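Enquirer: I have a structure I would like to understand better, so I am pasting it below and will then ask my questions one at a time.
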Amino acid sequence: MIGIITVNWRGFQVTMDLVKHLVASDYSAFRVVVVNNSVEDNEKFAANPVHDDRVVIINSSENKGFSGGVNMGLRELLPEKSFTHFMIMNNDVALASDFLTKMFEAAKSTEKIYSPLIFFRDTDLIYNTGGKVHIWLGGTINLNNHVPAHRVRKVIPDYFSGCVLFMHRSVVERTGLFDETFGTYYEDVDFCYRAQRIGISLEMVWDVFARHFHSYSTKADNTYKIYLLNRNQVIFGRKHLRCGAKLVFILAAVVRGLITNLGRKHFKPYFRGIKEGFSTTIDQTNDSGETKNG
């Protein structure tokens, strides 16, 4: 059985559209946990517009970002051994009715993280096929971003986007929960990095696809996104890189962020992000997933 986890933040209707796609799937052995990070959406979810026992709504008392929401879902599902696979996904994804069946059939290994081919919604352009961590850029690069499918370059990625991650439960049991220090952005990069360090590899399922609204949950609040990205780039560099690579990555992230956020509106969230990126205590265990500062 597949345990599916998605996180809602100010996107009730988009989330319910995803749930309806899942309920209409030709694969029935699943449970979807929707973790609602928006207090303002509590009453809407309480009405349970999709009457299906396979749909579980968890209202979080606080917004811990995507990683915190995913962890709430994993803690809900992991105790039940009947869930042999987990799919973690954004709430703004459109799926075909045979999506779950095809992903389940493709995911044969217990030591791999799988991703489908992801397109931008309503286009034939690829969202990405994973990404690379770029030391000299101080950030990440999406592979095949905005490229039509017939021009795709099959490059081995450093990580998969958290847009859709599919894996056997043993991957989660060995890798641990998502690091809630990141909240949103870089939590997927961190998870894939930790997984690969213990021998888990990444595999793209090229003949299965999903469609995605990019950055739907943060598109109306660009300053918050600026804060998160600049903060989490520094945290990622401090946590995963060593010696010269760490120094170059973090310096590049700081300088690039400064250049692109010199405007009055953007500088304050940029500076806050950089400051917290250096002051946040790095969690190397990822057992509790609690954010620590100091």
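Naming works like this for the structure tokens: A, B, ... for the chains as they're shown, residue 1 at the start of each chain, ligands 1 onward in shown order.
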Please provide as a list in words all residues within 9 Å of Asp17 in chain A, with the sequence filter that same-chain residues fewer than 2 positions apart are discarded (counting only C-alpha atoms).

Expert: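 Once the adjacent positions are removed, what remains is Phe12, Gln13, Val14, Thr15, Val19, Lys20, His21, Leu22, Asn91, Asp92, Val93 and Ala94 of chain A.
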
Enquirer: Assign secondary structure with DSSP using the backbone only, and return the residues of range 38-254 of chain A in strand (DSSP E or B) as a ChimeraX atom specification.

Expert: /A:55-59,85-90,93-94,112-120,125-128,131-134,139-142,148,159,164-168,201-212

Enquirer: Generate a file of the selected residues that holds N, CA and C atoms, formatted as a short mmCIF file (atom, residue, chain, number, x, y, z; two decimals), in the first residue's frame.

Expert:
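Writing done, so here's part.cif:
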```cif
data_model
loop_
_atom_site.label_atom_id
_atom_site.label_comp_id
_atom_site.auth_asym_id
_atom_site.auth_seq_id
_atom_site.Cartn_x
_atom_site.Cartn_y
_atom_site.Cartn_z
N VAL A 55 -8.73 9.33 2.71
CA VAL A 55 -8.25 10.71 2.83
C VAL A 55 -8.26 11.13 4.30
N VAL A 56 -7.09 11.51 4.81
CA VAL A 56 -6.95 11.94 6.20
C VAL A 56 -6.46 13.38 6.22
N ILE A 57 -7.13 14.23 6.99
CA ILE A 57 -6.73 15.63 7.13
C ILE A 57 -6.14 15.84 8.51
N ILE A 58 -4.94 16.42 8.57
CA ILE A 58 -4.31 16.77 9.85
C ILE A 58 -4.12 18.29 9.86
N ASN A 59 -4.74 18.96 10.80
CA ASN A 59 -4.56 20.41 10.94
C ASN A 59 -3.41 20.69 11.89
N HIS A 85 5.30 1.68 0.56
CA HIS A 85 5.88 2.77 -0.22
C HIS A 85 5.29 4.11 0.24
N PHE A 86 6.08 5.16 0.04
CA PHE A 86 5.62 6.51 0.34
C PHE A 86 5.80 7.42 -0.86
N MET A 87 4.84 8.29 -1.07
CA MET A 87 4.96 9.32 -2.09
C MET A 87 4.75 10.67 -1.41
N ILE A 88 5.74 11.51 -1.54
CA ILE A 88 5.69 12.87 -0.99
C ILE A 88 5.54 13.82 -2.16
N MET A 89 4.57 14.72 -2.07
CA MET A 89 4.32 15.57 -3.23
C MET A 89 3.77 16.93 -2.84
N ASN A 90 4.00 17.91 -3.71
CA ASN A 90 3.38 19.22 -3.56
C ASN A 90 1.88 19.11 -3.77
N VAL A 93 -0.16 19.65 -7.87
CA VAL A 93 0.23 18.70 -8.92
C VAL A 93 -1.01 18.07 -9.54
N ALA A 94 -1.00 17.95 -10.85
CA ALA A 94 -2.08 17.26 -11.58
C ALA A 94 -1.57 15.90 -12.04
N LYS A 112 16.25 3.12 -3.74
CA LYS A 112 16.24 4.24 -4.68
C LYS A 112 15.12 5.22 -4.34
N ILE A 113 15.35 6.47 -4.68
CA ILE A 113 14.31 7.50 -4.67
C ILE A 113 13.95 7.76 -6.11
N TYR A 114 12.66 7.70 -6.42
CA TYR A 114 12.19 7.85 -7.79
C TYR A 114 11.45 9.18 -7.96
N SER A 115 11.54 9.70 -9.18
CA SER A 115 10.75 10.88 -9.56
C SER A 115 10.19 10.68 -10.95
N PRO A 116 8.95 11.10 -11.18
CA PRO A 116 8.43 11.08 -12.55
C PRO A 116 8.97 12.28 -13.32
N LEU A 117 8.72 12.31 -14.59
CA LEU A 117 9.02 13.49 -15.40
C LEU A 117 7.96 14.54 -15.08
N ILE A 118 8.39 15.73 -14.72
CA ILE A 118 7.46 16.76 -14.27
C ILE A 118 7.43 17.90 -15.28
N PHE A 119 6.23 18.22 -15.73
CA PHE A 119 6.03 19.33 -16.65
C PHE A 119 5.40 20.52 -15.92
N PHE A 120 5.66 21.72 -16.48
CA PHE A 120 4.89 22.86 -16.03
C PHE A 120 3.44 22.63 -16.44
N LEU A 125 6.51 21.93 -21.54
CA LEU A 125 7.85 22.25 -21.08
C LEU A 125 8.12 21.58 -19.74
N ILE A 126 9.33 21.08 -19.58
CA ILE A 126 9.70 20.35 -18.37
C ILE A 126 9.97 21.32 -17.23
N TYR A 127 9.45 20.97 -16.05
CA TYR A 127 9.74 21.75 -14.83
C TYR A 127 11.18 21.50 -14.41
N ASN A 128 11.53 20.26 -14.21
CA ASN A 128 12.93 19.87 -14.05
C ASN A 128 13.03 18.35 -14.03
N GLY A 131 18.10 18.27 -10.01
CA GLY A 131 18.97 19.43 -10.06
C GLY A 131 20.38 19.11 -9.63
N LYS A 132 21.25 20.10 -9.83
CA LYS A 132 22.65 20.00 -9.43
C LYS A 132 22.96 21.10 -8.41
N VAL A 133 23.78 20.75 -7.43
CA VAL A 133 24.31 21.75 -6.50
C VAL A 133 25.55 22.37 -7.14
N HIS A 134 25.53 23.68 -7.32
CA HIS A 134 26.60 24.39 -8.02
C HIS A 134 27.44 25.15 -6.99
N GLY A 139 24.42 27.85 -5.03
CA GLY A 139 23.00 27.50 -5.10
C GLY A 139 22.80 26.24 -5.92
N THR A 140 21.60 26.09 -6.45
CA THR A 140 21.27 24.90 -7.23
C THR A 140 20.80 25.29 -8.63
N ILE A 141 20.89 24.34 -9.55
CA ILE A 141 20.44 24.52 -10.92
C ILE A 141 19.47 23.42 -11.27
N ASN A 142 18.29 23.78 -11.75
CA ASN A 142 17.31 22.80 -12.20
C ASN A 142 17.71 22.25 -13.56
N PRO A 148 11.58 21.48 -23.83
CA PRO A 148 10.57 20.53 -24.31
C PRO A 148 11.08 19.10 -24.18
N TYR A 159 19.99 15.74 -6.78
CA TYR A 159 18.78 15.65 -5.96
C TYR A 159 17.56 15.69 -6.86
N VAL A 164 7.53 15.72 -6.43
CA VAL A 164 7.07 14.33 -6.32
C VAL A 164 8.26 13.44 -6.01
N LEU A 165 8.23 12.78 -4.87
CA LEU A 165 9.26 11.80 -4.50
C LEU A 165 8.54 10.49 -4.17
N PHE A 166 9.03 9.41 -4.75
CA PHE A 166 8.41 8.10 -4.54
C PHE A 166 9.49 7.14 -4.09
N MET A 167 9.22 6.39 -3.01
CA MET A 167 10.27 5.53 -2.46
C MET A 167 9.68 4.41 -1.61
N HIS A 168 10.46 3.34 -1.44
CA HIS A 168 10.11 2.27 -0.53
C HIS A 168 10.26 2.78 0.90
N SER A 201 20.27 5.59 -4.20
CA SER A 201 20.48 6.33 -5.45
C SER A 201 19.18 6.96 -5.95
N LEU A 202 19.31 7.78 -6.97
CA LEU A 202 18.17 8.48 -7.56
C LEU A 202 17.89 7.93 -8.96
N GLU A 203 16.62 7.75 -9.28
CA GLU A 203 16.26 7.27 -10.62
C GLU A 203 15.04 8.01 -11.14
N MET A 204 15.18 8.57 -12.34
CA MET A 204 14.08 9.23 -13.02
C MET A 204 13.25 8.19 -13.77
N VAL A 205 11.93 8.27 -13.62
CA VAL A 205 11.02 7.42 -14.38
C VAL A 205 10.56 8.23 -15.58
N TRP A 206 11.19 8.01 -16.71
CA TRP A 206 11.04 8.90 -17.86
C TRP A 206 9.69 8.75 -18.56
N ASP A 207 9.03 7.63 -18.39
CA ASP A 207 7.77 7.42 -19.12
C ASP A 207 6.52 7.66 -18.27
N VAL A 208 6.71 8.24 -17.09
CA VAL A 208 5.57 8.62 -16.24
C VAL A 208 5.70 10.11 -15.95
N PHE A 209 4.61 10.85 -16.05
CA PHE A 209 4.74 12.29 -15.85
C PHE A 209 3.63 12.85 -14.95
N ALA A 210 3.94 14.02 -14.39
CA ALA A 210 2.99 14.80 -13.60
C ALA A 210 3.12 16.25 -14.06
N ARG A 211 2.12 17.06 -13.70
CA ARG A 211 2.14 18.48 -14.07
C ARG A 211 2.06 19.32 -12.80
N HIS A 212 2.79 20.45 -12.81
CA HIS A 212 3.03 21.19 -11.57
C HIS A 212 2.91 22.70 -11.77
#
```

Enquirer: Got a sec to tell me which of range 11-168 of chain A DSSP assigns to alpha helix (DSSP H), as a tab-separated table (two decimals) with N, CA and C atoms, in the first residue's frame?

Expert:
```tsv
chain	number	residue	atom	x	y	z
A	12	PHE	N	-6.35	25.76	-0.48
A	12	PHE	CA	-7.36	24.74	-0.24
A	12	PHE	C	-7.89	24.12	-1.53
A	13	GLN	N	-8.30	24.94	-2.49
A	13	GLN	CA	-8.91	24.40	-3.70
A	13	GLN	C	-7.90	23.60	-4.52
A	14	VAL	N	-6.69	24.09	-4.61
A	14	VAL	CA	-5.64	23.37	-5.34
A	14	VAL	C	-5.38	22.02	-4.68
A	15	THR	N	-5.32	22.01	-3.35
A	15	THR	CA	-5.11	20.76	-2.63
A	15	THR	C	-6.24	19.78	-2.87
A	16	MET	N	-7.48	20.28	-2.84
A	16	MET	CA	-8.62	19.40	-3.06
A	16	MET	C	-8.65	18.86	-4.49
A	17	ASP	N	-8.17	19.64	-5.44
A	17	ASP	CA	-8.08	19.14	-6.83
A	17	ASP	C	-7.13	17.94	-6.89
A	18	LEU	N	-6.01	18.04	-6.17
A	18	LEU	CA	-5.07	16.91	-6.13
A	18	LEU	C	-5.72	15.70	-5.48
A	19	VAL	N	-6.41	15.91	-4.37
A	19	VAL	CA	-7.07	14.80	-3.68
A	19	VAL	C	-8.07	14.11	-4.60
A	20	LYS	N	-8.81	14.90	-5.36
A	20	LYS	CA	-9.79	14.33	-6.29
A	20	LYS	C	-9.11	13.50	-7.37
A	21	HIS	N	-7.94	13.96	-7.84
A	21	HIS	CA	-7.18	13.18	-8.83
A	21	HIS	C	-6.78	11.83	-8.22
A	22	LEU	N	-6.33	11.86	-6.97
A	22	LEU	CA	-5.89	10.62	-6.32
A	22	LEU	C	-7.05	9.66	-6.09
A	23	VAL	N	-8.16	10.19	-5.63
A	23	VAL	CA	-9.34	9.36	-5.37
A	23	VAL	C	-9.85	8.70	-6.65
A	42	ASN	N	-8.88	25.54	8.13
A	42	ASN	CA	-9.36	24.46	9.00
A	42	ASN	C	-10.83	24.12	8.76
A	43	GLU	N	-11.67	25.14	8.74
A	43	GLU	CA	-13.11	24.90	8.59
A	43	GLU	C	-13.44	24.31	7.23
A	44	LYS	N	-12.72	24.73	6.21
A	44	LYS	CA	-12.96	24.19	4.87
A	44	LYS	C	-12.66	22.70	4.83
A	45	PHE	N	-11.56	22.31	5.42
A	45	PHE	CA	-11.22	20.89	5.43
A	45	PHE	C	-12.15	20.09	6.34
A	46	ALA	N	-12.64	20.75	7.41
A	46	ALA	CA	-13.54	20.07	8.34
A	46	ALA	C	-14.83	19.63	7.64
A	65	GLY	N	6.39	24.70	7.68
A	65	GLY	CA	6.87	24.59	6.33
A	65	GLY	C	6.60	23.22	5.73
A	66	PHE	N	7.12	23.02	4.54
A	66	PHE	CA	6.90	21.76	3.82
A	66	PHE	C	7.50	20.58	4.58
A	67	SER	N	8.73	20.77	5.08
A	67	SER	CA	9.40	19.65	5.75
A	67	SER	C	8.68	19.26	7.03
A	68	GLY	N	8.22	20.24	7.79
A	68	GLY	CA	7.48	19.93	9.01
A	68	GLY	C	6.16	19.23	8.72
A	69	GLY	N	5.49	19.68	7.66
A	69	GLY	CA	4.24	19.05	7.26
A	69	GLY	C	4.45	17.62	6.80
A	70	VAL	N	5.49	17.40	5.99
A	70	VAL	CA	5.80	16.04	5.53
A	70	VAL	C	6.07	15.12	6.72
A	71	ASN	N	6.82	15.63	7.69
A	71	ASN	CA	7.13	14.81	8.87
A	71	ASN	C	5.89	14.44	9.66
A	72	MET	N	4.94	15.36	9.76
A	72	MET	CA	3.69	15.03	10.44
A	72	MET	C	2.98	13.88	9.73
A	73	GLY	N	2.99	13.92	8.40
A	73	GLY	CA	2.38	12.85	7.62
A	73	GLY	C	3.12	11.54	7.78
A	74	LEU	N	4.45	11.59	7.77
A	74	LEU	CA	5.24	10.37	7.92
A	74	LEU	C	5.03	9.76	9.31
A	75	ARG	N	4.96	10.60	10.32
A	75	ARG	CA	4.73	10.07	11.67
A	75	ARG	C	3.35	9.43	11.78
A	76	GLU	N	2.41	9.90	11.00
A	76	GLU	CA	1.08	9.33	10.99
A	76	GLU	C	1.09	7.94	10.33
A	77	LEU	N	1.86	7.78	9.27
A	77	LEU	CA	1.79	6.57	8.45
A	77	LEU	C	2.83	5.51	8.79
A	99	PHE	N	-1.39	7.19	-12.91
A	99	PHE	CA	-0.10	7.64	-12.38
A	99	PHE	C	0.41	6.74	-11.26
A	100	LEU	N	-0.42	6.46	-10.27
A	100	LEU	CA	0.02	5.65	-9.13
A	100	LEU	C	0.40	4.24	-9.57
A	101	THR	N	-0.38	3.67	-10.45
A	101	THR	CA	-0.09	2.33	-10.94
A	101	THR	C	1.27	2.28	-11.63
A	102	LYS	N	1.53	3.24	-12.49
A	102	LYS	CA	2.79	3.26	-13.23
A	102	LYS	C	3.99	3.50	-12.32
A	103	MET	N	3.84	4.41	-11.35
A	103	MET	CA	4.95	4.67	-10.44
A	103	MET	C	5.23	3.45	-9.57
A	104	PHE	N	4.19	2.80	-9.09
A	104	PHE	CA	4.38	1.62	-8.25
A	104	PHE	C	5.06	0.50	-9.03
A	105	GLU	N	4.69	0.32	-10.28
A	105	GLU	CA	5.29	-0.72	-11.12
A	105	GLU	C	6.75	-0.42	-11.44
A	106	ALA	N	7.07	0.89	-11.54
A	106	ALA	CA	8.44	1.28	-11.91
A	106	ALA	C	9.40	1.23	-10.73
```

Enquirer: I'd like the contact shell of Lys64 in chain A - 12 Å cut-off, only C-alpha atoms, skipping same-chain residues fewer than 5 positions apart - returned as a PDB file with N, CA and C atoms, in the first residue's frame.

Expert:
```pdb
ATOM      1  N   VAL A   7       1.160  18.712   1.543  1.00  0.00           N
ATOM      2  CA  VAL A   7       1.067  19.783   2.536  1.00  0.00           C
ATOM      3  C   VAL A   7       0.325  20.964   1.934  1.00  0.00           C
ATOM      4  N   ASN A   8      -0.664  21.450   2.657  1.00  0.00           N
ATOM      5  CA  ASN A   8      -1.446  22.603   2.216  1.00  0.00           C
ATOM      6  C   ASN A   8      -1.025  23.868   2.963  1.00  0.00           C
ATOM      7  N   TRP A   9      -0.840  24.930   2.201  1.00  0.00           N
ATOM      8  CA  TRP A   9      -0.633  26.253   2.792  1.00  0.00           C
ATOM      9  C   TRP A   9      -1.295  27.286   1.881  1.00  0.00           C
ATOM     10  N   VAL A  35      -1.647  17.443   5.218  1.00  0.00           N
ATOM     11  CA  VAL A  35      -1.275  18.215   6.396  1.00  0.00           C
ATOM     12  C   VAL A  35      -1.562  19.679   6.095  1.00  0.00           C
ATOM     13  N   ASN A  36      -2.490  20.247   6.813  1.00  0.00           N
ATOM     14  CA  ASN A  36      -2.924  21.614   6.587  1.00  0.00           C
ATOM     15  C   ASN A  36      -2.154  22.563   7.496  1.00  0.00           C
ATOM     16  N   ASN A  37      -1.295  23.382   6.894  1.00  0.00           N
ATOM     17  CA  ASN A  37      -0.512  24.363   7.638  1.00  0.00           C
ATOM     18  C   ASN A  37      -1.206  25.719   7.748  1.00  0.00           C
ATOM     19  N   SER A  38      -2.412  25.840   7.201  1.00  0.00           N
ATOM     20  CA  SER A  38      -3.136  27.121   7.182  1.00  0.00           C
ATOM     21  C   SER A  38      -4.326  27.058   8.132  1.00  0.00           C
ATOM     22  N   ASN A  59      -4.738  18.960  10.797  1.00  0.00           N
ATOM     23  CA  ASN A  59      -4.561  20.407  10.941  1.00  0.00           C
ATOM     24  C   ASN A  59      -3.406  20.687  11.889  1.00  0.00           C
ATOM     25  N   GLY A  69       5.490  19.684   7.657  1.00  0.00           N
ATOM     26  CA  GLY A  69       4.242  19.045   7.258  1.00  0.00           C
ATOM     27  C   GLY A  69       4.452  17.621   6.800  1.00  0.00           C
ATOM     28  N   VAL A  70       5.490  17.403   5.991  1.00  0.00           N
ATOM     29  CA  VAL A  70       5.798  16.045   5.529  1.00  0.00           C
ATOM     30  C   VAL A  70       6.073  15.124   6.725  1.00  0.00           C
ATOM     31  N   ASN A  71       6.824  15.633   7.694  1.00  0.00           N
ATOM     32  CA  ASN A  71       7.133  14.810   8.868  1.00  0.00           C
ATOM     33  C   ASN A  71       5.885  14.438   9.661  1.00  0.00           C
ATOM     34  N   MET A  72       4.940  15.357   9.763  1.00  0.00           N
ATOM     35  CA  MET A  72       3.690  15.027  10.440  1.00  0.00           C
ATOM     36  C   MET A  72       2.985  13.879   9.726  1.00  0.00           C
ATOM     37  N   PHE A 178      12.500  14.337   7.275  1.00  0.00           N
ATOM     38  CA  PHE A 178      12.990  15.564   6.663  1.00  0.00           C
ATOM     39  C   PHE A 178      13.515  16.500   7.756  1.00  0.00           C
ATOM     40  N   ASP A 179      14.499  17.285   7.420  1.00  0.00           N
ATOM     41  CA  ASP A 179      15.097  18.222   8.378  1.00  0.00           C
ATOM     42  C   ASP A 179      14.244  19.479   8.450  1.00  0.00           C
ATOM     43  N   GLU A 180      13.544  19.665   9.561  1.00  0.00           N
ATOM     44  CA  GLU A 180      12.644  20.799   9.704  1.00  0.00           C
ATOM     45  C   GLU A 180      13.376  22.125   9.866  1.00  0.00           C
ATOM     46  N   THR A 181      14.686  22.074  10.024  1.00  0.00           N
ATOM     47  CA  THR A 181      15.463  23.305  10.054  1.00  0.00           C
ATOM     48  C   THR A 181      15.243  24.105   8.775  1.00  0.00           C
ATOM     49  N   PHE A 182      15.070  23.409   7.655  1.00  0.00           N
ATOM     50  CA  PHE A 182      14.917  24.092   6.371  1.00  0.00           C
ATOM     51  C   PHE A 182      13.514  24.659   6.186  1.00  0.00           C
ATOM     52  N   GLY A 183      12.519  24.034   6.758  1.00  0.00           N
ATOM     53  CA  GLY A 183      11.147  24.501   6.539  1.00  0.00           C
ATOM     54  C   GLY A 183      10.723  24.214   5.111  1.00  0.00           C
ATOM     55  N   THR A 184      10.882  25.208   4.261  1.00  0.00           N
ATOM     56  CA  THR A 184      10.570  25.086   2.834  1.00  0.00           C
ATOM     57  C   THR A 184      11.766  25.597   2.027  1.00  0.00           C
ATOM     58  N   GLU A 187      14.894  21.503   1.593  1.00  0.00           N
ATOM     59  CA  GLU A 187      14.616  20.311   2.385  1.00  0.00           C
ATOM     60  C   GLU A 187      14.704  19.053   1.523  1.00  0.00           C
ATOM     61  N   GLY A 289      13.741  16.608  14.179  1.00  0.00           N
ATOM     62  CA  GLY A 289      13.359  17.572  13.159  1.00  0.00           C
ATOM     63  C   GLY A 289      13.035  18.940  13.702  1.00  0.00           C
ATOM     64  N   GLU A 290      13.440  19.252  14.927  1.00  0.00           N
ATOM     65  CA  GLU A 290      13.111  20.539  15.506  1.00  0.00           C
ATOM     66  C   GLU A 290      14.076  21.612  15.058  1.00  0.00           C
ATOM     67  N   THR A 291      13.545  22.807  14.793  1.00  0.00           N
ATOM     68  CA  THR A 291      14.379  23.937  14.420  1.00  0.00           C
ATOM     69  C   THR A 291      15.028  24.525  15.662  1.00  0.00           C
TER      70      THR A 291
END
```

Enquirer: Could you state the separation of CA of Asp98 in chain A and CA of Ala47 in chain A in Å, given to one decimal place?

Expert: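 Atom-to-atom, CA of Asp98 in chain A and CA of Ala47 in chain A are spaced 28.0 Å apart.
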
Enquirer: Mind pulling up the distance from CA of Ile198 in chain A to CA of Ile5 in chain A?

Expert: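 These two atoms are separated by 23.6 Å.
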
Enquirer: Kindly give the distance, in Å, that separates CA of Glu276 in chain A and CA of Tyr185 in chain A, rounded to a single decimal.

Expert: 14.6 Å

Enquirer: Would you mind telling me which residue in A:Ser170, A:Ser28, A:Asn145, A:Thr281 lies nearest to Leu78 in chain A when using only C-alpha atoms?

Expert: A:Ser170

Enquirer: I'd like the contact shell of Phe249 in chain A - 10 Å cut-off, only C-alpha atoms, skipping same-chain residues fewer than 3 positions apart - returned as a list in words.

Expert: Val133, His134, Ile135, Trp136, Leu137, Gly138, Gly139, Gln233, Val234, Phe236, Gly237, Arg238, Leu241, Arg242, Gly244, Ala245, Lys246, Ala252, Ala253 and Val254 of chain A

Enquirer: Given only C-alpha atoms as the basis, pick out the residue of A:Arg174, A:Arg54, A:Lys275, A:Arg121 nearest to Ala24 in chain A.

Expert: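 Of A:Arg174, A:Arg54, A:Lys275, A:Arg121, the one nearest Ala24 in chain A, counting only C-alpha atoms, is A:Arg54.
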
Enquirer: Using only C-alpha atoms, which of A:Ile226, A:Asp26, A:Gln284, A:Leu251 sits nearest Gly176 in chain A?

Expert: A:Gln284

Enquirer: Which residues are close to Asp124 in chain A, i.e. within 9 Å by only C-alpha atoms, leaving aside same-chain residues fewer than 6 positions away? Reply as a PyMOL selection string.

Expert: chain A and resi 146-149

Enquirer: With N, CA and C atoms retained, could you export that selection as a PDB file, in the first residue's frame?

Expert:
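The file below, out-v5.pdb, is the result:
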```pdb
ATOM      1  N   HIS A 146      12.392  24.264 -18.336  1.00  0.00           N
ATOM      2  CA  HIS A 146      11.761  24.915 -19.489  1.00  0.00           C
ATOM      3  C   HIS A 146      12.186  24.320 -20.831  1.00  0.00           C
ATOM      4  N   VAL A 147      12.644  23.091 -20.813  1.00  0.00           N
ATOM      5  CA  VAL A 147      13.053  22.420 -22.048  1.00  0.00           C
ATOM      6  C   VAL A 147      11.913  21.505 -22.509  1.00  0.00           C
ATOM      7  N   PRO A 148      11.585  21.479 -23.827  1.00  0.00           N
ATOM      8  CA  PRO A 148      10.575  20.529 -24.307  1.00  0.00           C
ATOM      9  C   PRO A 148      11.083  19.098 -24.179  1.00  0.00           C
ATOM     10  N   ALA A 149      10.168  18.162 -24.026  1.00  0.00           N
ATOM     11  CA  ALA A 149      10.540  16.781 -23.734  1.00  0.00           C
ATOM     12  C   ALA A 149      11.479  16.175 -24.777  1.00  0.00           C
TER      13      ALA A 149
END
```
